$ cat upload_39.cif   # mmCIF, C-alpha atoms
data_my_file
loop_
_atom_site.label_atom_id
_atom_site.label_comp_id
_atom_site.auth_asym_id
_atom_site.auth_seq_id
_atom_site.Cartn_x
_atom_site.Cartn_y
_atom_site.Cartn_z
CA MET W 1 -16.13 55.43 -67.47
CA THR W 2 -19.65 54.31 -68.24
CA LYS W 3 -21.19 50.92 -68.58
CA ALA W 4 -21.67 49.68 -72.11
CA THR W 5 -22.69 46.56 -73.92
CA ALA W 6 -20.20 45.67 -76.64
CA GLU W 7 -20.98 43.77 -79.78
CA ALA W 8 -19.17 40.45 -79.69
CA PRO W 9 -17.99 38.55 -82.76
CA THR W 10 -20.35 35.91 -84.07
CA THR W 11 -19.91 32.25 -83.23
CA GLU W 12 -19.27 31.58 -86.91
CA ALA W 13 -16.38 34.03 -86.90
CA MET W 14 -14.65 32.09 -84.16
CA ALA W 15 -15.45 28.61 -85.32
CA GLY W 16 -12.78 26.48 -86.87
CA THR W 17 -10.00 24.46 -85.33
CA VAL W 18 -10.61 24.02 -81.62
CA SER W 19 -7.58 22.96 -79.61
CA VAL W 20 -8.45 22.75 -75.93
CA ALA W 21 -5.82 22.99 -73.20
CA LEU W 22 -4.86 19.73 -71.54
CA THR W 23 -5.93 21.13 -68.18
CA VAL W 24 -9.36 22.70 -67.85
CA LYS W 25 -10.53 23.61 -64.36
CA LYS W 26 -14.22 24.11 -63.79
CA GLY W 27 -15.28 26.43 -61.02
CA PRO W 28 -18.60 27.26 -59.40
CA GLY W 29 -21.22 28.76 -61.69
CA ASN W 30 -19.92 26.99 -64.83
CA ILE W 31 -16.76 29.10 -65.04
CA HIS W 32 -13.87 27.37 -66.77
CA GLU W 33 -10.16 28.11 -66.27
CA ILE W 34 -8.00 27.34 -69.28
CA ASP W 35 -4.48 28.01 -70.47
CA PRO W 36 -4.63 30.75 -73.16
CA LEU W 37 -1.20 29.74 -74.45
CA THR W 38 -2.24 26.22 -75.41
CA ASP W 39 -5.91 26.69 -76.26
CA GLU W 40 -6.18 28.02 -79.83
CA ARG W 41 -9.68 29.32 -79.16
CA TRP W 42 -8.20 32.27 -77.26
CA SER W 43 -6.15 33.39 -80.26
CA ASN W 44 -9.27 33.06 -82.44
CA LEU W 45 -11.25 35.26 -80.07
CA VAL W 46 -8.45 37.86 -79.91
CA ASP W 47 -8.18 37.90 -83.70
CA ASN W 48 -11.92 38.42 -84.19
CA ASP W 49 -12.92 40.68 -81.31
CA PRO W 50 -12.52 44.35 -82.35
CA ARG W 51 -11.80 45.37 -78.75
CA SER W 52 -8.71 43.20 -78.37
CA SER W 53 -5.32 44.88 -77.99
CA ILE W 54 -1.68 43.91 -78.13
CA PHE W 55 -1.97 43.04 -74.43
CA HIS W 56 -4.42 40.19 -75.11
CA THR W 57 -2.15 38.40 -77.55
CA THR W 58 -0.35 35.16 -76.82
CA GLY W 59 2.90 36.94 -77.70
CA TRP W 60 2.44 39.37 -74.81
CA LEU W 61 1.41 36.53 -72.47
CA ARG W 62 4.40 34.40 -73.46
CA ALA W 63 6.78 37.31 -72.87
CA LEU W 64 5.29 37.81 -69.39
CA ARG W 65 5.74 34.11 -68.66
CA ASN W 66 9.20 33.72 -70.17
CA VAL W 67 10.75 36.85 -68.66
CA TYR W 68 8.97 37.20 -65.32
CA GLY W 69 7.60 33.72 -64.70
CA TYR W 70 3.97 34.86 -64.54
CA GLU W 71 1.43 32.10 -65.19
CA PRO W 72 -1.47 33.18 -67.48
CA VAL W 73 -4.98 31.85 -66.90
CA LEU W 74 -8.16 32.52 -68.85
CA MET W 75 -11.59 32.63 -67.21
CA THR W 76 -14.59 31.93 -69.46
CA THR W 77 -18.20 30.77 -69.36
CA SER W 78 -17.65 28.81 -72.60
CA SER W 79 -17.47 25.05 -72.19
CA PRO W 80 -14.30 23.25 -73.35
CA ALA W 81 -15.93 21.73 -76.44
CA ALA W 82 -17.59 24.95 -77.67
CA PRO W 83 -16.18 27.97 -79.48
CA LEU W 84 -14.88 30.60 -77.08
CA THR W 85 -17.30 33.54 -76.91
CA ASN W 86 -15.89 35.40 -73.92
CA GLY W 87 -12.89 35.54 -71.63
CA ALA W 88 -10.97 37.53 -69.07
CA VAL W 89 -7.26 36.78 -68.93
CA PHE W 90 -5.16 37.11 -65.78
CA CYS W 91 -1.63 36.36 -64.67
CA ARG W 92 -0.77 34.71 -61.38
CA ILE W 93 2.02 36.73 -59.77
CA LYS W 94 3.69 34.94 -56.89
CA SER W 95 5.92 37.31 -54.92
CA TRP W 96 7.41 37.11 -51.44
CA LEU W 97 8.13 40.84 -51.65
CA THR W 98 4.86 42.42 -52.79
CA GLY W 99 2.39 39.62 -52.20
CA SER W 100 0.86 37.02 -54.51
CA ARG W 101 -2.01 38.30 -56.63
CA LEU W 102 -4.05 37.95 -59.83
CA VAL W 103 -3.60 40.79 -62.33
CA SER W 104 -5.21 41.46 -65.70
CA LEU W 105 -2.60 42.15 -66.95
CA PRO W 106 0.89 42.94 -65.59
CA PHE W 107 2.78 45.77 -67.34
CA SER W 108 -0.29 46.34 -69.54
CA ASP W 109 -1.81 49.81 -69.56
CA HIS W 110 -5.23 48.24 -70.00
CA CYS W 111 -6.83 44.86 -70.65
CA GLU W 112 -10.48 44.93 -71.62
CA PRO W 113 -12.39 41.78 -70.59
CA LEU W 114 -13.59 40.27 -73.88
CA VAL W 115 -17.19 39.77 -72.75
CA ARG W 116 -20.52 40.58 -74.36
CA ASN W 117 -22.19 42.23 -71.41
CA GLU W 118 -21.85 43.15 -67.74
CA LYS W 119 -23.52 39.93 -66.61
CA GLU W 120 -20.76 37.83 -68.15
CA LEU W 121 -18.10 40.05 -66.64
CA ASP W 122 -19.64 39.92 -63.18
CA SER W 123 -19.81 36.11 -63.33
CA LEU W 124 -16.09 35.93 -64.11
CA LEU W 125 -15.17 38.46 -61.42
CA ILE W 126 -17.20 36.68 -58.74
CA HIS W 127 -15.30 33.51 -59.66
CA MET W 128 -12.02 35.40 -59.31
CA ARG W 129 -13.18 36.75 -55.96
CA ARG W 130 -13.73 33.20 -54.76
CA ASN W 131 -10.25 32.29 -56.00
CA VAL W 132 -8.76 35.14 -53.98
CA ASP W 133 -10.62 34.10 -50.84
CA ALA W 134 -9.96 30.37 -51.19
CA ALA W 135 -6.27 30.56 -52.15
CA LYS W 136 -5.53 33.56 -49.92
CA TRP W 137 -4.25 35.72 -52.78
CA LYS W 138 -3.53 39.27 -51.70
CA TYR W 139 -5.92 40.70 -54.29
CA ALA W 140 -7.21 40.50 -57.86
CA GLU W 141 -6.99 43.48 -60.22
CA ILE W 142 -8.59 44.30 -63.57
CA ARG W 143 -7.83 47.15 -65.99
CA PRO W 144 -10.88 47.55 -68.25
CA ILE W 145 -11.43 50.36 -70.75
CA THR W 146 -15.22 50.11 -71.13
CA PHE W 147 -16.87 47.75 -68.70
CA GLU W 148 -17.30 48.37 -64.97
CA PRO W 149 -17.76 45.62 -62.37
CA GLY W 150 -21.21 45.47 -60.79
CA SER W 151 -21.59 46.21 -57.09
CA GLY W 152 -22.27 42.53 -56.40
CA THR W 153 -18.72 41.61 -57.41
CA LYS W 154 -17.33 43.64 -54.47
CA TYR W 155 -14.57 45.06 -56.70
CA SER W 156 -13.63 48.65 -55.84
CA LYS W 157 -12.43 51.38 -58.18
CA HIS W 158 -8.97 52.35 -57.08
CA LEU W 159 -6.30 53.90 -59.27
CA SER W 160 -7.41 56.16 -62.13
CA TYR W 161 -5.32 57.37 -65.05
CA CYS W 162 -5.67 59.60 -68.08
CA PHE W 163 -5.77 57.41 -71.21
CA HIS W 164 -5.04 58.84 -74.67
CA ARG W 165 -5.80 57.50 -78.16
CA LEU W 166 -5.15 59.30 -81.44
CA ASP W 167 -7.66 58.83 -84.27
CA LEU W 168 -5.82 57.92 -87.48
CA THR W 169 -8.84 57.56 -89.76
CA PRO W 170 -8.59 61.10 -91.27
CA GLY W 171 -6.08 61.79 -94.04
CA ILE W 172 -2.46 62.20 -92.98
CA ASP W 173 -2.51 65.96 -93.71
CA GLN W 174 -5.56 66.41 -91.50
CA VAL W 175 -3.90 64.40 -88.73
CA PHE W 176 -0.87 66.68 -88.94
CA ARG W 177 -3.01 69.84 -88.84
CA ARG W 178 -4.46 68.71 -85.51
CA PHE W 179 -1.01 68.78 -83.88
CA HIS W 180 -0.25 71.75 -81.66
CA LYS W 181 1.53 74.25 -83.91
CA ASP W 182 4.22 75.26 -81.44
CA CYS W 183 4.66 72.15 -79.28
CA VAL W 184 4.53 69.54 -82.05
CA GLN W 185 4.58 70.90 -85.61
CA ARG W 186 7.44 73.29 -84.90
CA LYS W 187 9.48 70.51 -83.24
CA ILE W 188 8.99 68.18 -86.20
CA ARG W 189 10.28 70.91 -88.52
CA ARG W 190 13.17 71.60 -86.14
CA ALA W 191 14.21 67.93 -86.31
CA GLU W 192 14.13 68.13 -90.11
CA LYS W 193 16.20 71.32 -90.03
CA GLU W 194 18.74 69.71 -87.70
CA LYS W 195 18.91 66.72 -90.09
CA LEU W 196 18.50 64.18 -87.30
CA MET W 197 19.15 60.66 -88.53
CA TYR W 198 16.23 58.23 -88.29
CA GLU W 199 16.45 54.45 -87.91
CA ALA W 200 13.68 51.90 -87.40
CA GLY W 201 13.64 48.13 -87.04
CA ASN W 202 13.97 45.36 -84.49
CA SER W 203 17.68 44.60 -84.44
CA ASP W 204 19.94 44.02 -81.45
CA ALA W 205 21.92 47.14 -82.43
CA LEU W 206 18.82 49.34 -82.27
CA LEU W 207 17.76 47.74 -78.99
CA GLU W 208 21.17 48.56 -77.51
CA LYS W 209 20.74 52.22 -78.49
CA PHE W 210 17.24 52.29 -77.05
CA TYR W 211 18.28 50.66 -73.80
CA ARG W 212 21.15 53.06 -73.13
CA LEU W 213 18.70 55.95 -73.41
CA MET W 214 16.11 54.07 -71.33
CA VAL W 215 18.56 53.54 -68.45
CA ALA W 216 19.51 57.25 -68.51
CA THR W 217 15.86 58.33 -68.61
CA ARG W 218 14.85 56.07 -65.73
CA ARG W 219 17.80 57.29 -63.67
CA ARG W 220 16.69 60.87 -64.32
CA LYS W 221 13.28 59.93 -62.90
CA ALA W 222 14.95 58.10 -59.98
CA LEU W 223 13.45 54.76 -61.08
CA PRO W 224 15.14 51.49 -62.07
CA PRO W 225 14.83 50.48 -65.75
CA GLN W 226 12.91 47.47 -66.97
CA PRO W 227 15.31 44.54 -67.50
CA LEU W 228 16.82 44.26 -70.97
CA GLN W 229 15.45 40.71 -71.13
CA TRP W 230 11.90 42.12 -71.20
CA PHE W 231 12.52 44.04 -74.42
CA GLN W 232 14.40 41.09 -75.90
CA GLY W 233 11.42 38.89 -75.05
CA LEU W 234 8.97 41.25 -76.76
CA MET W 235 11.20 41.53 -79.82
CA ALA W 236 11.42 37.73 -80.09
CA GLU W 237 7.63 37.33 -79.81
CA PHE W 238 6.40 40.11 -82.11
CA GLY W 239 8.98 40.32 -84.86
CA GLU W 240 8.16 43.10 -87.33
CA ASP W 241 5.21 44.23 -85.18
CA PHE W 242 7.79 45.33 -82.61
CA GLN W 243 9.57 48.43 -83.86
CA ILE W 244 12.42 50.37 -82.25
CA ARG W 245 12.75 53.90 -83.62
CA VAL W 246 15.88 55.92 -82.92
CA ALA W 247 16.73 59.56 -83.65
CA SER W 248 20.43 60.44 -83.67
CA CYS W 249 22.41 63.65 -83.86
CA GLY W 250 25.43 62.59 -85.84
CA ASN W 251 26.42 59.25 -84.31
CA LEU W 252 24.81 59.99 -80.94
CA PRO W 253 21.33 58.54 -80.24
CA VAL W 254 19.22 61.29 -78.65
CA ALA W 255 15.70 59.80 -78.54
CA SER W 256 14.05 56.42 -78.99
CA ILE W 257 10.59 54.87 -78.80
CA ILE W 258 9.14 51.36 -79.04
CA THR W 259 5.83 50.69 -80.78
CA LEU W 260 3.82 47.48 -81.09
CA THR W 261 1.20 46.84 -83.76
CA HIS W 262 -1.88 44.65 -83.43
CA LYS W 263 -4.51 44.53 -86.17
CA LYS W 264 -5.57 48.15 -86.79
CA SER W 265 -3.92 49.70 -83.75
CA MET W 266 -0.38 50.81 -83.05
CA THR W 267 0.65 51.18 -79.41
CA TYR W 268 3.33 53.62 -78.31
CA LYS W 269 4.63 51.71 -75.28
CA TYR W 270 8.07 53.03 -74.31
CA GLY W 271 9.94 56.26 -74.90
CA CYS W 272 13.24 57.73 -73.71
CA SER W 273 15.61 60.55 -74.60
CA ASP W 274 18.80 62.42 -73.78
CA ILE W 275 17.46 65.53 -72.07
CA ALA W 276 20.41 67.62 -73.29
CA PHE W 277 19.15 67.23 -76.89
CA ASN W 278 15.38 67.48 -76.35
CA LYS W 279 15.26 70.89 -78.03
CA LEU W 280 16.23 69.25 -81.35
CA GLY W 281 12.79 67.63 -81.64
CA GLY W 282 13.89 64.01 -81.75
CA MET W 283 10.89 62.63 -79.87
CA ALA W 284 8.45 64.60 -82.03
CA MET W 285 10.12 63.27 -85.17
CA LEU W 286 9.90 59.67 -83.96
CA LEU W 287 6.22 59.87 -83.11
CA TRP W 288 5.48 61.54 -86.44
CA LYS W 289 7.34 58.76 -88.27
CA ALA W 290 5.40 56.16 -86.24
CA ILE W 291 2.10 57.84 -87.15
CA GLN W 292 3.03 57.86 -90.85
CA ASP W 293 3.98 54.17 -90.69
CA ALA W 294 0.77 53.36 -88.84
CA LYS W 295 -1.29 55.10 -91.53
CA SER W 296 0.58 53.25 -94.28
CA ALA W 297 -0.13 49.94 -92.51
CA GLY W 298 -3.85 50.68 -92.35
CA CYS W 299 -3.98 51.38 -88.60
CA GLU W 300 -6.95 53.39 -87.40
CA GLN W 301 -5.61 54.50 -84.03
CA LEU W 302 -2.42 55.18 -82.09
CA ASP W 303 -2.68 54.06 -78.48
CA LEU W 304 -0.63 56.54 -76.42
CA GLY W 305 -1.23 54.69 -73.18
CA ARG W 306 -1.95 55.86 -69.67
CA SER W 307 -0.61 58.83 -67.72
CA ASP W 308 -0.73 59.38 -63.97
CA SER W 309 -3.52 61.86 -63.31
CA ASP W 310 -1.08 64.19 -61.54
CA ASN W 311 1.50 64.06 -64.35
CA LEU W 312 0.24 67.22 -66.04
CA GLY W 313 3.29 67.53 -68.27
CA LEU W 314 2.82 64.09 -69.84
CA ILE W 315 -0.91 64.64 -70.22
CA ALA W 316 -0.29 67.96 -71.97
CA PHE W 317 2.30 66.32 -74.25
CA LYS W 318 -0.29 63.78 -75.44
CA ASP W 319 -3.01 66.42 -75.71
CA HIS W 320 -0.77 68.40 -78.05
CA TRP W 321 -0.86 65.52 -80.56
CA GLY W 322 -4.62 65.86 -80.86
CA ALA W 323 -5.30 62.64 -78.96
CA ALA W 324 -8.63 62.13 -77.20
CA SER W 325 -8.43 61.41 -73.49
CA THR W 326 -10.66 59.36 -71.21
CA VAL W 327 -10.46 58.15 -67.62
CA LEU W 328 -8.99 54.68 -67.22
CA SER W 329 -9.71 53.07 -63.85
CA TYR W 330 -8.25 49.97 -62.24
CA TRP W 331 -10.43 47.84 -59.96
CA THR W 332 -9.38 45.51 -57.15
CA TYR W 333 -10.82 42.94 -54.80
CA PRO W 334 -10.40 43.41 -51.93
CA GLN W 335 -9.72 47.15 -52.00
CA GLN W 336 -6.03 47.98 -51.69
CA PRO W 337 -4.19 51.06 -50.41
CA GLU W 338 -2.73 53.11 -53.24
CA SER W 339 0.83 52.49 -52.03
CA CYS W 340 0.41 48.77 -52.79
CA LEU W 341 -0.39 49.38 -56.45
CA LYS W 342 1.88 52.22 -57.52
CA PHE W 343 5.59 51.80 -58.17
CA GLY W 344 8.05 54.58 -57.50
CA GLY W 345 6.73 56.07 -54.28
CA ASN W 346 9.55 54.69 -52.16
CA SER W 347 11.85 57.62 -51.36
CA ALA W 348 14.73 55.38 -50.24
CA LEU W 349 14.59 53.48 -53.54
CA LYS W 350 14.59 56.76 -55.44
CA GLN W 351 17.71 57.91 -53.61
CA ILE W 352 19.47 54.64 -54.43
CA THR W 353 18.52 54.63 -58.11
CA ALA W 354 19.47 58.29 -58.55
CA LEU W 355 23.03 57.58 -57.40
CA ALA W 356 23.61 53.96 -58.43
CA PRO W 357 26.09 53.16 -61.20
CA LYS W 358 24.61 51.72 -64.40
CA LYS W 359 25.34 48.06 -63.57
CA MET W 360 23.74 48.36 -60.15
CA LEU W 361 20.78 50.24 -61.59
CA THR W 362 20.05 47.53 -64.16
CA MET W 363 20.54 44.85 -61.49
CA ILE W 364 17.93 46.56 -59.29
CA GLY W 365 15.55 46.52 -62.25
CA ARG W 366 16.14 42.81 -62.88
CA ILE W 367 15.43 42.01 -59.24
CA LEU W 368 12.43 44.27 -58.64
CA TYR W 369 10.32 44.23 -61.80
CA LYS W 370 9.12 40.66 -61.46
CA HIS W 371 7.60 41.67 -58.11
CA ILE W 372 5.69 44.75 -59.33
CA GLY W 373 3.72 43.67 -62.41
#
$ encode --input "upload_39.cif" --output "structure tokens"
Amino acid sequence: MTKATAEAPTTEAMAGTVSVALTVKKGPGNIHEIDPLTDERWSNLVDNDPRSSIFHTTGWLRALRNVYGYEPVLMTTSSPAAPLTNGAVFCRIKSWLTGSRLVSLPFSDHCEPLVRNEKELDSLLIHMRRNVDAAKWKYAEIRPITFEPGSGTKYSKHLSYCFHRLDLTPGIDQVFRRFHKDCVQRKIRRAEKEKLMYEAGNSDALLEKFYRLMVATRRRKALPPQPLQWFQGLMAEFGEDFQIRVASCGNLPVASIITLTHKKSMTYKYGCSDIAFNKLGGMAMLLWKAIQDAKSAGCEQLDLGRSDSDNLGLIAFKDHWGAASTVLSYWTYPQQPESCLKFGGNSALKQITALAPKKMLTMIGRILYKHIG
């Protein structure tokens, strides 16, 4: 990751109705803390900044608050009466199990600070550092794509991932030609030959099919599933921008993915399958359908998310779609041991989840996930 100076939207682009949160906290160095859910200026900035993602939206923040109880807070150098020209959004996670901390943002693969330069970012991060020290938070964490904290912020690079994005600006035929012939193109044709049934939408029936496959997939990986309420919360917030896609063999769902659309980007966020039917090409068919829909909607990229750097199989899978990869690093203050930031390393938990019946498995997910964002 290299330092860069991004072009911010003009003040005129973000002018208009200004609705300031009832509570505005001013910190040292003219840093203001506001509520992004009640201050309309945040939505205006997200709408106009080309670097914003689905994870910046108030829909994502509301889902985090409503399902997990996380409290969002926006740090900015903009005064309450002025248009918002920058901001870094965090969630306050209060946990007796994993420690209370400030994260930007929980369950988000990335969250670029919407700042114009490194100086603005460093000012916000120094303010967050003071918050951590004063309130005795365990740590603060950011997940930027482009910007890096300056050395004066005392943030340390910690976890690094492989991050993939697929360019959708070429014609659809050219996009298809970039797919790996054997690992992707052949599987798409196999799904067509097998006449797999395809469904897409955001209904409760489709969510039920997705979730059954999700529970089975997470069990196979010896991990608890995200609570059903999380997906219900996202579906309620995003409406048609939240799409569940299901491939079925006859009446049996064999693969499913969830995508979210924001402006000119579609994000592939969740995927699951019945391993016994993987050879039928269901997952390849679903991603191909999502890409076609994204192109039709005018999207210019498909965000394939992060992969653990040691998960070579997942990285290869995304490479085979012709996606470009970069290094995505997370930064913390103070520096944290890797075991504090990665979920799934607990061998005892893996043994329990591998053997637990479905009801117990989903209960474990409901209990644990609010502590690990």
$ closest_residue --input "upload_39.cif" --among "W:Ser256, W:Ser273, W:Ser52, W:Ser108" --to "Glu199 in chain W" --atoms "all atoms listed in the file"
W:Ser256
$ residues_around --input "upload_39.cif" --residues "range 349-359 of chain W" --least-positions-apart "6" --cutoff "12 Å" --atoms "only C-alpha atoms" --output "list in words"
Tyr211, Arg212, Leu213, Met214, Val215, Ala216, Thr217, Arg218, Arg219, Arg220, Lys221, Ala222, Leu223, Pro224, Pro225, Pro227, Leu228, Phe343, Gly365, Arg366 and Leu368 of chain W
$ resolve_selection --input "upload_39.cif" --expression "the PyMOL selection byres ((chain W and resi 59-73) around 7)" --output "PDB file with C-alpha atoms, in the coordinates of the input"
ATOM      1  CA  GLU W  33     -10.160  28.110 -66.270  1.00  0.00           C
ATOM      2  CA  ILE W  34      -8.000  27.340 -69.280  1.00  0.00           C
ATOM      3  CA  ASP W  35      -4.480  28.010 -70.470  1.00  0.00           C
ATOM      4  CA  PRO W  36      -4.630  30.750 -73.160  1.00  0.00           C
ATOM      5  CA  ILE W  54      -1.680  43.910 -78.130  1.00  0.00           C
ATOM      6  CA  PHE W  55      -1.970  43.040 -74.430  1.00  0.00           C
ATOM      7  CA  HIS W  56      -4.420  40.190 -75.110  1.00  0.00           C
ATOM      8  CA  THR W  57      -2.150  38.400 -77.550  1.00  0.00           C
ATOM      9  CA  THR W  58      -0.350  35.160 -76.820  1.00  0.00           C
ATOM     10  CA  LEU W  74      -8.160  32.520 -68.850  1.00  0.00           C
ATOM     11  CA  MET W  75     -11.590  32.630 -67.210  1.00  0.00           C
ATOM     12  CA  VAL W  89      -7.260  36.780 -68.930  1.00  0.00           C
ATOM     13  CA  PHE W  90      -5.160  37.110 -65.780  1.00  0.00           C
ATOM     14  CA  CYS W  91      -1.630  36.360 -64.670  1.00  0.00           C
ATOM     15  CA  ARG W  92      -0.770  34.710 -61.380  1.00  0.00           C
ATOM     16  CA  ILE W  93       2.020  36.730 -59.770  1.00  0.00           C
ATOM     17  CA  GLN W 229      15.450  40.710 -71.130  1.00  0.00           C
ATOM     18  CA  TRP W 230      11.900  42.120 -71.200  1.00  0.00           C
ATOM     19  CA  GLY W 233      11.420  38.890 -75.050  1.00  0.00           C
ATOM     20  CA  LEU W 234       8.970  41.250 -76.760  1.00  0.00           C
ATOM     21  CA  GLU W 237       7.630  37.330 -79.810  1.00  0.00           C
ATOM     22  CA  PHE W 238       6.400  40.110 -82.110  1.00  0.00           C
ATOM     23  CA  LYS W 370       9.120  40.660 -61.460  1.00  0.00           C
TER      24      LYS W 370
END
$ resolve_selection --input "upload_39.cif" --expression "the PyMOL selection byres ((chain W and resi 247) around 6)" --output "list in words"
Met197, Tyr198, Val246, Ser248, Pro253, Val254, Ala255 and Gly282 of chain W
$ residues_around --input "upload_39.cif" --residues "Arg143 in chain W" --least-positions-apart "5" --cutoff "6 Å" --atoms "all atoms listed in the file" --output "PDB file with C-alpha atoms, in the frame of the given file"
ATOM      1  CA  HIS W 110      -5.230  48.240 -70.000  1.00  0.00           C
ATOM      2  CA  CYS W 111      -6.830  44.860 -70.650  1.00  0.00           C
ATOM      3  CA  TYR W 330      -8.250  49.970 -62.240  1.00  0.00           C
TER       4      TYR W 330
END
$ closest_atom_pairs --input "upload_39.cif" --of "range 209-315 of chain W" --to "range 152-174 of chain W" --cutoff "9 Å" --atoms "only C-alpha atoms" --output "JSON lines"
{"residue": "W:Ile291", "atom": "CA", "partner": "W:Leu168", "partner_atom": "CA", "distance": 7.9}
{"residue": "W:Gln292", "atom": "CA", "partner": "W:Ile172", "partner_atom": "CA", "distance": 7.3}
{"residue": "W:Ala294", "atom": "CA", "partner": "W:Leu168", "partner_atom": "CA", "distance": 8.1}
{"residue": "W:Lys295", "atom": "CA", "partner": "W:Leu168", "partner_atom": "CA", "distance": 6.7}
{"residue": "W:Gly298", "atom": "CA", "partner": "W:Thr169", "partner_atom": "CA", "distance": 8.9}
{"residue": "W:Cys299", "atom": "CA", "partner": "W:Leu168", "partner_atom": "CA", "distance": 6.9}
{"residue": "W:Glu300", "atom": "CA", "partner": "W:Leu168", "partner_atom": "CA", "distance": 4.7}
{"residue": "W:Gln301", "atom": "CA", "partner": "W:Asp167", "partner_atom": "CA", "distance": 4.8}
{"residue": "W:Leu302", "atom": "CA", "partner": "W:Leu166", "partner_atom": "CA", "distance": 5.0}
{"residue": "W:Asp303", "atom": "CA", "partner": "W:Arg165", "partner_atom": "CA", "distance": 4.7}
{"residue": "W:Leu304", "atom": "CA", "partner": "W:His164", "partner_atom": "CA", "distance": 5.3}
{"residue": "W:Gly305", "atom": "CA", "partner": "W:Phe163", "partner_atom": "CA", "distance": 5.6}
{"residue": "W:Arg306", "atom": "CA", "partner": "W:Phe163", "partner_atom": "CA", "distance": 4.4}
{"residue": "W:Ser307", "atom": "CA", "partner": "W:Cys162", "partner_atom": "CA", "distance": 5.1}
{"residue": "W:Asp308", "atom": "CA", "partner": "W:Tyr161", "partner_atom": "CA", "distance": 5.1}
{"residue": "W:Ser309", "atom": "CA", "partner": "W:Tyr161", "partner_atom": "CA", "distance": 5.1}
{"residue": "W:Asp310", "atom": "CA", "partner": "W:Tyr161", "partner_atom": "CA", "distance": 8.8}
{"residue": "W:Ile315", "atom": "CA", "partner": "W:Cys162", "partner_atom": "CA", "distance": 7.3}
$ atom_distance --input "upload_39.cif" --atom1 "CA of Trp288 in chain W" --atom2 "CA of Val184 in chain W"
9.2 Å
$ resolve_selection --input "upload_39.cif" --expression "the PyMOL selection byres ((chain W and resi 141) around 9)" --output "VMD selection string"
chain W and resid 90 101 to 105 139 to 140 142 to 143 155 330 to 334
$ atom_distance --input "upload_39.cif" --atom1 "CA of Val175 in chain W" --atom2 "CA of Ala316 in chain W"
17.5 Å
$ closest_residue --input "upload_39.cif" --among "W:Asp204, W:Ala82, W:Glu338, W:Gly250" --to "Ala236 in chain W" --atoms "only C-alpha atoms"
W:Asp204
$ atom_distance --input "upload_39.cif" --atom1 "CA of Arg51 in chain W" --atom2 "CA of Arg129 in chain W"
24.4 Å
$ closest_residue --input "upload_39.cif" --among "W:Ala297, W:Cys249, W:Thr38, W:Ser43" --to "Lys193 in chain W" --atoms "only C-alpha atoms"
W:Cys249
$ closest_residue --input "upload_39.cif" --among "W:Ala135, W:Ala276, W:Leu252, W:Ala284" --to "Lys187 in chain W" --atoms "only C-alpha atoms"
W:Ala284
$ closest_residue --input "upload_39.cif" --among "W:Ser151, W:Leu328, W:Pro50, W:Arg41" --to "His262 in chain W" --atoms "only C-alpha atoms"
W:Pro50
$ axis_aligned_box --input "upload_39.cif" --around "range 277-296 of chain W" --padding-each-side "5 Å" --output "AutoDock Vina command-line options"
--center_x 8.9 --center_y 62.1 --center_z -85.3 --size_x 30.4 --size_y 27.6 --size_z 27.9
$ residues_around --input "upload_39.cif" --residues "range 318-322 of chain W" --least-positions-apart "5" --cutoff "6 Å" --atoms "only C-alpha atoms" --output "count of residues only"
3
$ closest_residue --input "upload_39.cif" --among "W:Asn131, W:Thr267, W:Thr76, W:Thr98" --to "Arg116 in chain W" --atoms "all atoms listed in the file"
W:Thr76
$ residues_around --input "upload_39.cif" --residues "Asn86 in chain W" --least-positions-apart "3" --cutoff "12 Å" --atoms "all atoms listed in the file" --output "PyMOL selection string"
chain W and resi 6-11+14+31-32+41-46+48-49+51-52+74-79+82-83+89+112-121+123-124
$ residues_around --input "upload_39.cif" --residues "Ile258 in chain W" --least-positions-apart "3" --cutoff "10 Å" --atoms "only C-alpha atoms" --output "list in words"
Ala200, Gly201, Asn202, Leu207, Phe210, Phe231, Phe242, Gln243, Ile244, Arg245, Val246, Thr267, Tyr268, Lys269, Tyr270, Gly271, Cys272, Leu286, Leu287 and Ala290 of chain W
